[in-house]
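Note: the block below is upload12.cif and it holds mmCIF, C-alpha atoms.
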data_query
loop_
_atom_site.label_atom_id
_atom_site.label_comp_id
_atom_site.auth_asym_id
_atom_site.auth_seq_id
_atom_site.Cartn_x
_atom_site.Cartn_y
_atom_site.Cartn_z
CA MET A 1 -22.49 8.43 3.95
CA LEU A 2 -21.53 9.93 0.62
CA ALA A 3 -24.62 10.89 -1.35
CA LYS A 4 -25.39 9.76 -4.88
CA ARG A 5 -25.39 12.80 -7.16
CA ILE A 6 -27.97 14.13 -9.60
CA ILE A 7 -26.42 16.20 -12.38
CA PRO A 8 -28.32 18.19 -15.01
CA CYS A 9 -26.32 18.69 -18.18
CA LEU A 10 -26.63 21.90 -20.18
CA ASP A 11 -25.43 22.09 -23.78
CA VAL A 12 -24.41 25.63 -24.61
CA LYS A 13 -24.08 27.17 -28.04
CA ASN A 14 -23.07 30.79 -28.47
CA GLY A 15 -24.02 31.57 -24.89
CA GLN A 16 -27.45 29.90 -24.86
CA VAL A 17 -28.54 26.51 -23.53
CA VAL A 18 -29.73 24.33 -26.38
CA LYS A 19 -30.93 20.79 -26.59
CA GLY A 20 -31.11 18.91 -29.82
CA ILE A 21 -34.61 17.78 -30.56
CA ASN A 22 -33.25 15.86 -33.50
CA PHE A 23 -29.87 15.65 -35.17
CA GLU A 24 -30.04 18.96 -37.07
CA GLY A 25 -32.52 20.97 -35.11
CA LEU A 26 -31.23 22.67 -32.00
CA ARG A 27 -33.61 24.82 -30.10
CA GLU A 28 -32.74 27.33 -27.45
CA VAL A 29 -34.17 26.54 -24.07
CA GLY A 30 -32.74 29.23 -21.85
CA ASP A 31 -30.07 31.29 -20.20
CA PRO A 32 -27.26 29.10 -18.82
CA VAL A 33 -26.72 31.05 -15.60
CA GLU A 34 -30.43 31.32 -14.78
CA MET A 35 -31.06 27.66 -15.59
CA GLY A 36 -28.08 26.60 -13.48
CA ALA A 37 -29.29 28.70 -10.56
CA ALA A 38 -32.77 27.23 -10.86
CA TYR A 39 -31.44 23.65 -10.92
CA SER A 40 -29.22 24.41 -7.98
CA SER A 41 -32.13 25.68 -5.90
CA GLU A 42 -34.20 22.61 -6.87
CA GLY A 43 -31.47 20.40 -5.43
CA ALA A 44 -29.03 19.57 -8.24
CA ASP A 45 -25.75 18.36 -6.74
CA GLU A 46 -23.53 19.49 -9.59
CA LEU A 47 -23.94 21.00 -13.02
CA VAL A 48 -22.26 20.09 -16.29
CA TYR A 49 -21.98 22.70 -19.04
CA LEU A 50 -20.86 21.52 -22.46
CA ASP A 51 -19.81 24.03 -25.09
CA ILE A 52 -21.04 22.86 -28.48
CA SER A 53 -20.07 26.05 -30.34
CA ALA A 54 -17.81 25.25 -33.22
CA SER A 55 -16.38 28.74 -33.69
CA PHE A 56 -13.58 30.66 -32.01
CA GLU A 57 -16.06 33.39 -31.11
CA GLY A 58 -18.34 30.83 -29.48
CA ARG A 59 -15.43 29.52 -27.40
CA ARG A 60 -14.60 32.98 -26.12
CA THR A 61 -18.23 33.58 -25.21
CA PHE A 62 -18.14 30.29 -23.30
CA THR A 63 -15.16 31.35 -21.16
CA ASP A 64 -16.99 34.56 -20.22
CA LEU A 65 -20.04 32.46 -19.43
CA VAL A 66 -17.99 30.18 -17.14
CA ARG A 67 -16.91 33.28 -15.23
CA ARG A 68 -20.53 34.38 -14.79
CA ILE A 69 -21.59 30.89 -13.71
CA ALA A 70 -18.83 30.84 -11.08
CA GLU A 71 -19.95 34.19 -9.72
CA ARG A 72 -23.52 33.04 -9.28
CA ILE A 73 -23.56 29.28 -8.63
CA ASP A 74 -22.56 27.91 -5.22
CA ILE A 75 -22.37 24.20 -6.07
CA PRO A 76 -19.60 22.49 -8.08
CA PHE A 77 -19.77 22.65 -11.85
CA THR A 78 -17.93 20.92 -14.66
CA VAL A 79 -17.29 22.39 -18.08
CA GLY A 80 -16.27 20.77 -21.33
CA GLY A 81 -16.51 20.74 -25.08
CA GLY A 82 -13.55 21.25 -27.33
CA ILE A 83 -10.87 21.17 -24.64
CA SER A 84 -7.77 20.05 -26.49
CA SER A 85 -4.81 21.47 -24.59
CA PHE A 86 -3.42 22.10 -21.14
CA GLU A 87 -3.97 25.82 -21.77
CA ASP A 88 -7.69 25.28 -22.47
CA GLY A 89 -7.99 23.59 -19.08
CA ALA A 90 -6.03 26.32 -17.31
CA ARG A 91 -8.19 29.03 -18.88
CA LEU A 92 -11.40 27.39 -17.66
CA LEU A 93 -9.96 26.82 -14.17
CA ASP A 94 -9.04 30.50 -14.01
CA ALA A 95 -12.57 31.40 -15.04
CA GLY A 96 -13.85 29.42 -12.04
CA ALA A 97 -14.69 25.90 -13.24
CA ASP A 98 -14.38 23.20 -10.57
CA LYS A 99 -13.76 20.42 -13.08
CA ILE A 100 -13.28 20.00 -16.79
CA THR A 101 -14.37 17.14 -18.97
CA ILE A 102 -12.29 15.96 -21.90
CA ASN A 103 -13.42 13.45 -24.49
CA SER A 104 -12.01 13.27 -28.04
CA SER A 105 -8.73 14.93 -27.09
CA ALA A 106 -8.18 12.32 -24.35
CA VAL A 107 -8.41 9.61 -27.02
CA TYR A 108 -6.05 11.30 -29.49
CA ASN A 109 -3.69 12.77 -26.91
CA PRO A 110 -3.93 10.60 -23.78
CA ASP A 111 -0.93 12.34 -22.18
CA LEU A 112 -3.19 15.37 -21.74
CA ILE A 113 -5.07 13.56 -18.93
CA GLY A 114 -1.94 13.10 -16.84
CA ARG A 115 -0.60 16.51 -17.66
CA ILE A 116 -3.67 18.33 -16.38
CA ALA A 117 -4.22 15.92 -13.46
CA SER A 118 -0.67 16.20 -12.16
CA HIS A 119 -0.84 19.99 -12.24
CA TYR A 120 -4.36 20.64 -10.94
CA GLY A 121 -5.20 17.32 -9.26
CA SER A 122 -7.24 14.35 -10.44
CA GLN A 123 -10.43 15.83 -9.00
CA PHE A 124 -10.26 18.47 -11.77
CA VAL A 125 -10.27 15.98 -14.64
CA VAL A 126 -13.39 14.13 -15.74
CA VAL A 127 -12.84 11.94 -18.78
CA ALA A 128 -15.99 11.57 -20.87
CA ILE A 129 -16.36 8.40 -22.93
CA ASP A 130 -18.97 7.92 -25.65
CA ALA A 131 -19.38 4.31 -26.77
CA ARG A 132 -21.78 2.04 -28.64
CA THR A 133 -22.10 -1.70 -28.92
CA VAL A 134 -20.91 -3.30 -32.14
CA ALA A 135 -21.64 -6.66 -33.76
CA ASP A 136 -19.65 -8.86 -31.35
CA GLY A 137 -21.16 -7.17 -28.28
CA ARG A 138 -18.02 -5.11 -27.73
CA TRP A 139 -18.37 -1.47 -26.61
CA GLN A 140 -16.60 0.65 -29.21
CA VAL A 141 -15.39 4.09 -28.10
CA MET A 142 -16.43 6.91 -30.45
CA THR A 143 -15.24 10.50 -30.67
CA HIS A 144 -16.32 13.83 -32.13
CA GLY A 145 -19.81 13.68 -30.71
CA GLY A 146 -20.20 10.07 -31.73
CA ARG A 147 -19.33 10.59 -35.39
CA LYS A 148 -15.86 9.01 -35.49
CA GLU A 149 -14.93 5.41 -34.77
CA THR A 150 -11.85 4.48 -32.75
CA ASP A 151 -10.09 1.19 -32.10
CA LYS A 152 -10.62 1.58 -28.35
CA GLU A 153 -12.89 -0.56 -26.23
CA LEU A 154 -14.83 0.91 -23.30
CA TYR A 155 -13.54 -1.15 -20.37
CA SER A 156 -9.86 -1.12 -21.24
CA TRP A 157 -10.03 2.59 -22.10
CA ALA A 158 -11.78 3.35 -18.79
CA ARG A 159 -9.04 1.48 -16.93
CA GLU A 160 -6.38 3.36 -18.85
CA VAL A 161 -7.82 6.83 -18.16
CA GLN A 162 -8.03 5.98 -14.46
CA GLU A 163 -4.36 4.96 -14.49
CA ARG A 164 -3.48 8.16 -16.31
CA GLY A 165 -4.99 10.24 -13.53
CA ALA A 166 -8.65 10.89 -14.36
CA GLY A 167 -10.70 11.69 -11.26
CA GLU A 168 -14.04 10.54 -12.66
CA ILE A 169 -15.47 8.87 -15.72
CA LEU A 170 -18.58 10.14 -17.49
CA PHE A 171 -19.74 7.33 -19.73
CA THR A 172 -22.50 7.93 -22.28
CA SER A 173 -24.00 4.94 -23.97
CA MET A 174 -24.83 6.01 -27.51
CA ASP A 175 -27.18 3.05 -27.75
CA HIS A 176 -29.30 4.53 -24.98
CA ASP A 177 -28.77 8.27 -25.41
CA GLY A 178 -31.94 10.01 -26.56
CA THR A 179 -34.10 6.88 -26.27
CA LYS A 180 -35.57 7.64 -22.81
CA ASN A 181 -35.67 3.86 -22.29
CA GLY A 182 -33.23 3.75 -19.37
CA TYR A 183 -29.48 3.71 -18.85
CA ALA A 184 -26.99 0.98 -19.85
CA CYS A 185 -27.10 -0.46 -16.33
CA GLN A 186 -25.04 -3.58 -16.97
CA ALA A 187 -22.18 -1.59 -18.43
CA TYR A 188 -22.15 0.82 -15.46
CA SER A 189 -22.22 -2.03 -13.02
CA LYS A 190 -19.27 -3.63 -14.77
CA LEU A 191 -17.32 -0.36 -14.76
CA ALA A 192 -17.99 0.04 -11.02
CA SER A 193 -16.70 -3.48 -10.38
CA PHE A 194 -13.12 -2.67 -11.35
CA LEU A 195 -12.74 1.11 -11.27
CA THR A 196 -11.73 2.93 -8.10
CA ILE A 197 -12.87 6.35 -9.34
CA PRO A 198 -16.50 7.49 -9.49
CA VAL A 199 -18.64 6.80 -12.55
CA ILE A 200 -21.26 9.22 -13.84
CA ALA A 201 -24.03 7.60 -15.90
CA SER A 202 -25.38 9.42 -18.93
CA GLY A 203 -27.79 8.56 -21.71
CA GLY A 204 -31.25 7.11 -21.60
CA ALA A 205 -33.02 8.75 -18.65
CA GLY A 206 -36.74 8.86 -19.25
CA SER A 207 -38.18 8.36 -15.79
CA ILE A 208 -37.42 8.42 -12.08
CA GLU A 209 -37.33 4.64 -12.20
CA HIS A 210 -34.47 4.71 -14.73
CA ILE A 211 -32.41 6.92 -12.46
CA ARG A 212 -33.19 4.72 -9.47
CA GLU A 213 -32.03 1.67 -11.47
CA VAL A 214 -28.71 3.10 -12.57
CA LEU A 215 -27.85 4.33 -9.06
CA SER A 216 -28.75 0.97 -7.45
CA ASP A 217 -28.34 -1.93 -9.92
CA GLY A 218 -25.97 0.07 -12.11
CA LYS A 219 -23.89 1.10 -9.06
CA ALA A 220 -23.25 4.50 -10.63
CA ASP A 221 -22.10 7.28 -8.31
CA ALA A 222 -24.04 9.94 -10.17
CA ALA A 223 -26.75 10.19 -12.80
CA LEU A 224 -26.63 12.84 -15.48
CA ALA A 225 -29.58 13.86 -17.62
CA ALA A 226 -30.61 16.75 -19.82
CA SER A 227 -33.95 16.80 -21.58
CA ILE A 228 -36.07 15.30 -18.79
CA PHE A 229 -34.98 18.20 -16.61
CA HIS A 230 -35.01 20.92 -19.27
CA TYR A 231 -38.52 20.26 -20.40
CA GLY A 232 -39.82 19.87 -16.87
CA GLU A 233 -40.72 16.19 -17.26
CA ILE A 234 -39.07 15.45 -13.93
CA ARG A 235 -38.42 17.98 -11.21
CA ILE A 236 -35.19 17.37 -9.33
CA SER A 237 -36.88 17.93 -5.98
CA ASP A 238 -39.49 15.24 -6.74
CA LEU A 239 -36.83 12.90 -8.09
CA LYS A 240 -34.74 13.18 -4.94
CA LYS A 241 -37.69 12.67 -2.61
CA SER A 242 -38.59 9.54 -4.51
CA LEU A 243 -35.00 8.22 -4.49
CA LEU A 244 -34.68 8.86 -0.76
CA ALA A 245 -37.96 7.06 -0.08
CA SER A 246 -36.59 3.97 -1.81
CA GLY A 247 -33.45 3.97 0.31
CA ILE A 248 -30.99 5.72 -2.01
CA ASN A 249 -28.85 8.21 -0.14
CA VAL A 250 -29.28 11.61 -1.79
CA ARG A 251 -28.86 15.14 -0.51
CA ILE A 252 -32.20 16.77 0.27
CA MET B 1 -11.82 44.20 5.91
CA ILE B 2 -11.51 40.42 5.49
CA ALA B 3 -8.13 39.12 4.29
CA ILE B 4 -7.87 36.04 2.08
CA ILE B 5 -4.33 34.72 2.40
CA ASP B 6 -2.65 34.38 -0.98
CA TYR B 7 0.03 31.69 -0.70
CA ASN B 8 -0.13 30.13 -4.14
CA ALA B 9 -2.30 27.22 -3.00
CA GLY B 10 -4.67 26.87 -5.90
CA ASN B 11 -7.45 28.96 -7.28
CA LEU B 12 -9.08 31.40 -4.86
CA CYS B 13 -11.89 32.53 -7.11
CA SER B 14 -14.60 30.28 -5.59
CA VAL B 15 -13.96 31.72 -2.14
CA GLU B 16 -13.85 35.26 -3.54
CA ASN B 17 -17.13 34.69 -5.39
CA ALA B 18 -18.75 33.27 -2.23
CA LEU B 19 -17.75 36.34 -0.22
CA ARG B 20 -19.03 38.62 -3.00
CA ARG B 21 -22.38 36.83 -2.90
CA LEU B 22 -22.53 37.62 0.82
CA GLY B 23 -21.73 41.26 0.08
CA ALA B 24 -18.52 41.12 2.14
CA GLN B 25 -15.52 43.42 1.66
CA PHE B 26 -12.26 41.53 1.28
CA GLU B 27 -8.76 41.65 -0.14
CA VAL B 28 -6.45 38.89 -1.35
CA THR B 29 -3.01 39.42 0.16
CA SER B 30 0.20 37.79 1.35
CA ASP B 31 1.33 40.93 3.21
CA PRO B 32 1.84 39.97 6.90
CA GLU B 33 0.82 43.46 8.08
CA ARG B 34 -2.40 43.49 6.05
CA ILE B 35 -3.25 40.00 7.31
CA ALA B 36 -2.56 40.93 10.94
CA ALA B 37 -4.72 44.07 10.59
CA ALA B 38 -7.72 42.31 8.99
CA SER B 39 -11.02 41.85 10.82
CA HIS B 40 -11.24 38.20 9.70
CA VAL B 41 -8.72 35.96 7.96
CA LEU B 42 -9.49 33.19 5.47
CA MET B 43 -6.89 30.59 4.53
CA PRO B 44 -8.36 28.53 1.65
CA GLY B 45 -6.42 26.34 -0.69
CA VAL B 46 -6.10 23.10 -2.56
CA GLY B 47 -2.93 21.21 -3.33
CA GLU B 48 -0.25 19.20 -1.63
CA ALA B 49 0.53 19.79 2.07
CA SER B 50 4.34 20.05 2.05
CA SER B 51 4.46 22.53 -0.82
CA ALA B 52 1.58 24.56 0.63
CA MET B 53 3.46 24.71 3.97
CA GLU B 54 6.63 25.73 2.14
CA ASN B 55 4.67 28.52 0.40
CA LEU B 56 3.52 29.86 3.78
CA ARG B 57 7.09 29.73 5.10
CA GLU B 58 8.54 31.53 2.06
CA ARG B 59 6.09 34.38 2.59
CA GLY B 60 7.02 34.67 6.27
CA LEU B 61 3.47 33.77 7.31
CA VAL B 62 3.98 30.84 9.69
CA GLU B 63 4.26 32.87 12.90
CA VAL B 64 1.87 35.53 11.59
CA VAL B 65 -0.95 33.01 11.22
CA LYS B 66 -0.29 31.32 14.57
CA ASP B 67 -0.37 34.69 16.36
CA LEU B 68 -3.65 35.94 14.86
CA LYS B 69 -6.25 37.02 17.42
CA GLN B 70 -9.17 37.76 15.07
CA PRO B 71 -11.43 35.00 13.68
CA VAL B 72 -9.46 32.75 11.28
CA LEU B 73 -11.00 30.15 8.97
CA GLY B 74 -8.91 27.52 7.21
CA ILE B 75 -10.61 25.67 4.36
CA CYS B 76 -9.48 22.25 3.05
CA ILE B 77 -5.66 22.39 2.82
CA GLY B 78 -5.85 25.62 4.88
CA LEU B 79 -7.38 23.61 7.73
CA GLN B 80 -4.86 20.80 7.30
CA LEU B 81 -1.95 23.22 7.62
CA MET B 82 -3.42 24.37 10.95
CA CYS B 83 -3.11 20.81 12.36
CA THR B 84 0.06 19.38 13.98
CA PHE B 85 1.20 17.17 11.15
CA SER B 86 0.13 15.85 7.76
CA GLU B 87 0.96 12.42 6.43
CA GLU B 88 0.99 13.99 2.99
CA GLY B 89 4.71 14.60 2.38
CA ARG B 90 5.24 13.88 6.13
CA THR B 91 4.76 17.57 6.80
CA PRO B 92 5.04 19.26 10.20
CA CYS B 93 2.28 21.92 10.24
CA LEU B 94 1.27 24.94 12.34
CA GLY B 95 -0.11 23.04 15.34
CA VAL B 96 -3.06 25.35 15.98
CA PHE B 97 -5.29 22.27 16.30
CA ASP B 98 -4.07 19.31 18.38
CA THR B 99 -4.70 16.68 15.76
CA ALA B 100 -2.93 15.06 12.83
CA VAL B 101 -3.98 14.71 9.20
CA ARG B 102 -3.93 11.17 7.82
CA ARG B 103 -4.70 9.49 4.51
CA PHE B 104 -8.04 7.68 4.15
CA ASP B 105 -7.55 3.97 4.61
CA PRO B 106 -7.34 2.50 1.09
CA SER B 107 -8.05 -1.00 2.44
CA SER B 108 -11.57 0.20 3.37
CA GLY B 109 -12.52 -0.20 -0.30
CA ALA B 110 -13.88 3.36 -0.35
CA LYS B 111 -13.13 5.52 -3.36
CA ILE B 112 -10.35 8.02 -2.74
CA PRO B 113 -10.47 11.02 -3.00
CA HIS B 114 -13.58 11.44 -0.90
CA MET B 115 -15.49 13.57 -3.36
CA GLY B 116 -19.06 14.75 -3.23
CA TRP B 117 -21.76 15.57 -0.70
CA ASN B 118 -21.58 14.08 2.78
CA THR B 119 -23.25 14.88 6.11
CA ILE B 120 -21.90 16.76 9.11
CA THR B 121 -23.13 15.78 12.56
CA GLY B 122 -22.31 16.62 16.17
CA LEU B 123 -22.25 20.31 15.24
CA LYS B 124 -20.96 22.69 17.90
CA GLY B 125 -20.39 26.40 18.27
CA PRO B 126 -21.18 29.64 16.44
CA LEU B 127 -19.90 28.52 13.02
CA PHE B 128 -22.92 26.23 12.74
CA LYS B 129 -25.55 28.59 14.09
CA GLY B 130 -28.79 27.84 12.21
CA VAL B 131 -27.28 24.79 10.45
CA GLN B 132 -29.14 21.53 10.96
CA ASP B 133 -27.30 18.49 12.25
CA GLY B 134 -26.99 16.06 9.34
CA SER B 135 -26.75 18.78 6.68
CA PHE B 136 -24.87 17.91 3.50
CA VAL B 137 -21.65 19.73 2.55
CA TYR B 138 -19.25 19.32 -0.37
CA TYR B 139 -15.91 17.53 0.07
CA VAL B 140 -12.91 16.86 -2.20
CA HIS B 141 -9.88 15.41 -0.40
CA SER B 142 -7.68 12.35 0.14
CA PHE B 143 -6.33 13.21 3.61
CA ARG B 144 -8.44 14.05 6.66
CA PRO B 145 -7.95 15.42 10.19
CA GLU B 146 -8.51 12.93 12.96
CA ILE B 147 -11.11 13.44 15.67
CA THR B 148 -10.12 15.36 18.78
CA GLU B 149 -12.59 15.43 21.62
CA GLU B 150 -11.87 19.03 22.55
CA GLN B 151 -11.67 20.68 19.14
CA THR B 152 -13.80 18.71 16.68
CA ILE B 153 -16.97 20.72 15.99
CA ALA B 154 -18.37 18.63 13.11
CA VAL B 155 -18.01 14.94 12.33
CA THR B 156 -18.22 13.22 8.94
CA GLU B 157 -17.89 9.52 8.27
CA TYR B 158 -16.12 8.06 5.28
CA ALA B 159 -14.05 5.00 4.41
CA GLY B 160 -15.28 3.22 7.52
CA SER B 161 -14.34 5.81 10.13
CA PRO B 162 -15.27 9.27 11.39
CA PHE B 163 -13.04 12.30 10.91
CA SER B 164 -13.14 15.99 11.80
CA GLY B 165 -15.26 17.81 9.24
CA ALA B 166 -14.54 21.02 11.15
CA LEU B 167 -12.33 22.09 14.03
CA CYS B 168 -12.22 25.05 16.41
CA ARG B 169 -9.79 26.35 19.01
CA ASP B 170 -10.45 29.82 20.44
CA ASN B 171 -10.52 32.21 17.44
CA PHE B 172 -9.34 29.54 14.97
CA PHE B 173 -11.81 27.59 12.82
CA GLY B 174 -11.28 25.12 10.02
CA THR B 175 -13.51 23.18 7.66
CA GLN B 176 -12.30 20.19 5.68
CA PHE B 177 -15.31 20.63 3.40
CA HIS B 178 -15.79 23.53 0.99
CA PRO B 179 -18.42 25.94 2.34
CA GLU B 180 -17.99 28.04 -0.82
CA LYS B 181 -19.33 25.09 -2.87
CA SER B 182 -21.89 23.79 -0.38
CA GLY B 183 -24.99 25.67 -1.52
CA PRO B 184 -27.14 27.50 1.06
CA VAL B 185 -25.68 25.50 3.98
CA GLY B 186 -22.16 26.58 3.06
CA ALA B 187 -23.25 30.18 2.56
CA ARG B 188 -24.77 30.16 6.06
CA ILE B 189 -21.49 28.84 7.54
CA LEU B 190 -19.46 31.54 5.79
CA LYS B 191 -21.97 34.18 6.88
CA ASN B 192 -21.70 32.92 10.47
CA PHE B 193 -17.92 33.22 10.23
CA ILE B 194 -17.84 36.76 8.88
CA GLU B 195 -20.34 37.84 11.53
CA LEU B 196 -18.11 36.57 14.37
#
Give the structure from the file, written as C-alpha cells.
Amino acid sequence: MLAKRIIPCLDVKNGQVVKGINFEGLREVGDPVEMGAAYSSEGADELVYLDISASFEGRRTFTDLVRRIAERIDIPFTVGGGISSFEDGARLLDAGADKITINSSAVYNPDLIGRIASHYGSQFVVVAIDARTVADGRWQVMTHGGRKETDKELYSWAREVQERGAGEILFTSMDHDGTKNGYACQAYSKLASFLTIPVIASGGAGSIEHIREVLSDGKADAALAASIFHYGEIRISDLKKSLLASGINVRI
Amino acid sequence: MIAIIDYNAGNLCSVENALRRLGAQFEVTSDPERIAAASHVLMPGVGEASSAMENLRERGLVEVVKDLKQPVLGICIGLQLMCTFSEEGRTPCLGVFDTAVRRFDPSSGAKIPHMGWNTITGLKGPLFKGVQDGSFVYYVHSFRPEITEEQTIAVTEYAGSPFSGALCRDNFFGTQFHPEKSGPVGARILKNFIEL
C-alpha cells in the first residue's frame, strides 16, 4: 500500500535555511544540505526547498544549492520560489530537482503548468495554492506569499490546475499557517473528494495529533511542516512511529 | 567501468549522483562499443515508451542491449523497454523479460501516476541481498510490468492488483521503482548490482 508522506519544508534565503519567527524577522536555522540529510536519515519521505531570496544573486546561489542537494540527498526533493518560466523549471531540473512547485506564476500564466508538464511529465509539476477564507466562507486564492488577492476560488482553481497537467497540489491554508492549531482538515477532505492527483497539506501543524488528523480525516496524501521539525518540537522518527501505531501507513 | 546508456530519456543526474555516492566509476555513453565493453550497464530513464524505444533504435542500441552478457539494470522506463510490449504508444519492446507493460486500471479509483513510497515483497536473488521483505521504495509511473512467475523478483501492489516491482532473467535486471531515490534501501540495491 502506498505510504502517506511526511515532508519537511525548508525556506532558503541566500543559501541558508531560514524560518520566519514573525513577519519581518527571519532567523537562520541551518545549512540546507546538512538539514536535508538529517531529515532524510530521520525518515522524511521527501523534502521541499523554497527559495525566498528576492535578488538575482540569491537565485543563482539557489541553483548551485539544488545541485549540491541532489549530490547528497537520496530521496525525492521539490524546489520552488520565484519560478516564472519554462526555462526556470528546466534549469532546476538540470540541477537535479525531482519536482518543482509553482504558485503565483501559475495564477498569472496558467499555460505554464501545461507547458512544463507536457515536456517533463506531470510528476514534475506541483502547483502550490495559498488561500484564506473570506466573509462568505469562500476560499480566496492569494499570491505573492499571501500579499495579493486574486479572483480565484480554491476548489475551482484546484480542479483547473489538475486539468492543466499538475501532478500534485500543495495547498496552504493562510488561516491556519503559523497558528500551530491544526490543519484545515475539512478543506483537504473536500479537495480529496474530487481531485484525482495527490494533495499535500500545509499550514497549522503543531502536534503529532494534527498530522494524524489531516492524513486520516483530511484524507491528505502528505503532510508538510516546517517549524515543528526545525526547532525539534517533533522528531520525524517519533512522529512516524506514532502514526504507524494508530494505523496510518507510513514508511519506517 | 560502468556504462550508463545515454539515449535521451530524461535526466540522468540522479543515477549519476547515486553511483558517485557509492564511489563507483562510470561513464555516460551511447557508443555501442563502450557499452559492450563495460563491466556493468545501467539503462535508466523517464518518459514515454514509444519515443524512448525510437531513441534506442536511432542509436543502433537495440541488438547491442539484447546481446549484453555483463550485468544490466534497467530502471523505470529502462525496465519497461526490456519487456515484450508496452501499452504506452502500443510499443513493441526488447523482449528480454517475458512480460508486458500495461496501464494501471483507472477504474480502480487509485490515483495515477502511482507516485510515492510503496513496499516490495517476495524478494528473490542477489539484487536484494540484505534488503528486508516489505521494504519501502520510491515509485513514479503510470504503466507497470505484469507478474511473471519465472522472472518477477519483487512484487508491489497498487490500484487493486500486484505488479512486478523488479524482474530478472540471467544477467538482466530491472526495477520499476527508482533505487537512486529510495534512500538507504535503494543504495543497497544499487550496491548489490555493481558488486555482481
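CA of Ala70 (chain A) lies 21.5 Å from CA of Phe193 (chain B).
Evaluated on this file, the PyMOL selection byres ((chain B and resi 117) around 6) matches Leu2 and Ala3 of chain A; Gly116, Asn118, Phe136, Val137 and Tyr138 of chain B.
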Within 7 Å of chain B: residues of chain A, using all atoms listed in the file, as a PyMOL selection string: chain A and resi 1-3+70-71+74-76+96+196-197+251
What does the PyMOL selection byres ((chain B and resi 129) around 12) select in this file, as a VMD selection string? chain B and resid 123 to 128 130 to 133 153 185 to 193 195 to 196
5 Å per side around region 171-190 of chain A: axis-aligned box centre and edge lengths, as lines of an AutoDock Vina configuration file:
center_x = -27.5
center_y = 3.2
center_z = -20.4
size_x = 26.4
size_y = 23.6
size_z = 24.7
How far is it from CA of Arg72 (chain A) to CA of Val125 (chain A), in Å with one decimal? 22.3 Å
Could you tell me, as a PyMOL selection string, exactly which residues end up selected when the PyMOL selection byres ((chain B and resi 91-94) around 8) is applied to this structure? chain B and resi 49-50+53+62+66+80-90+95-96
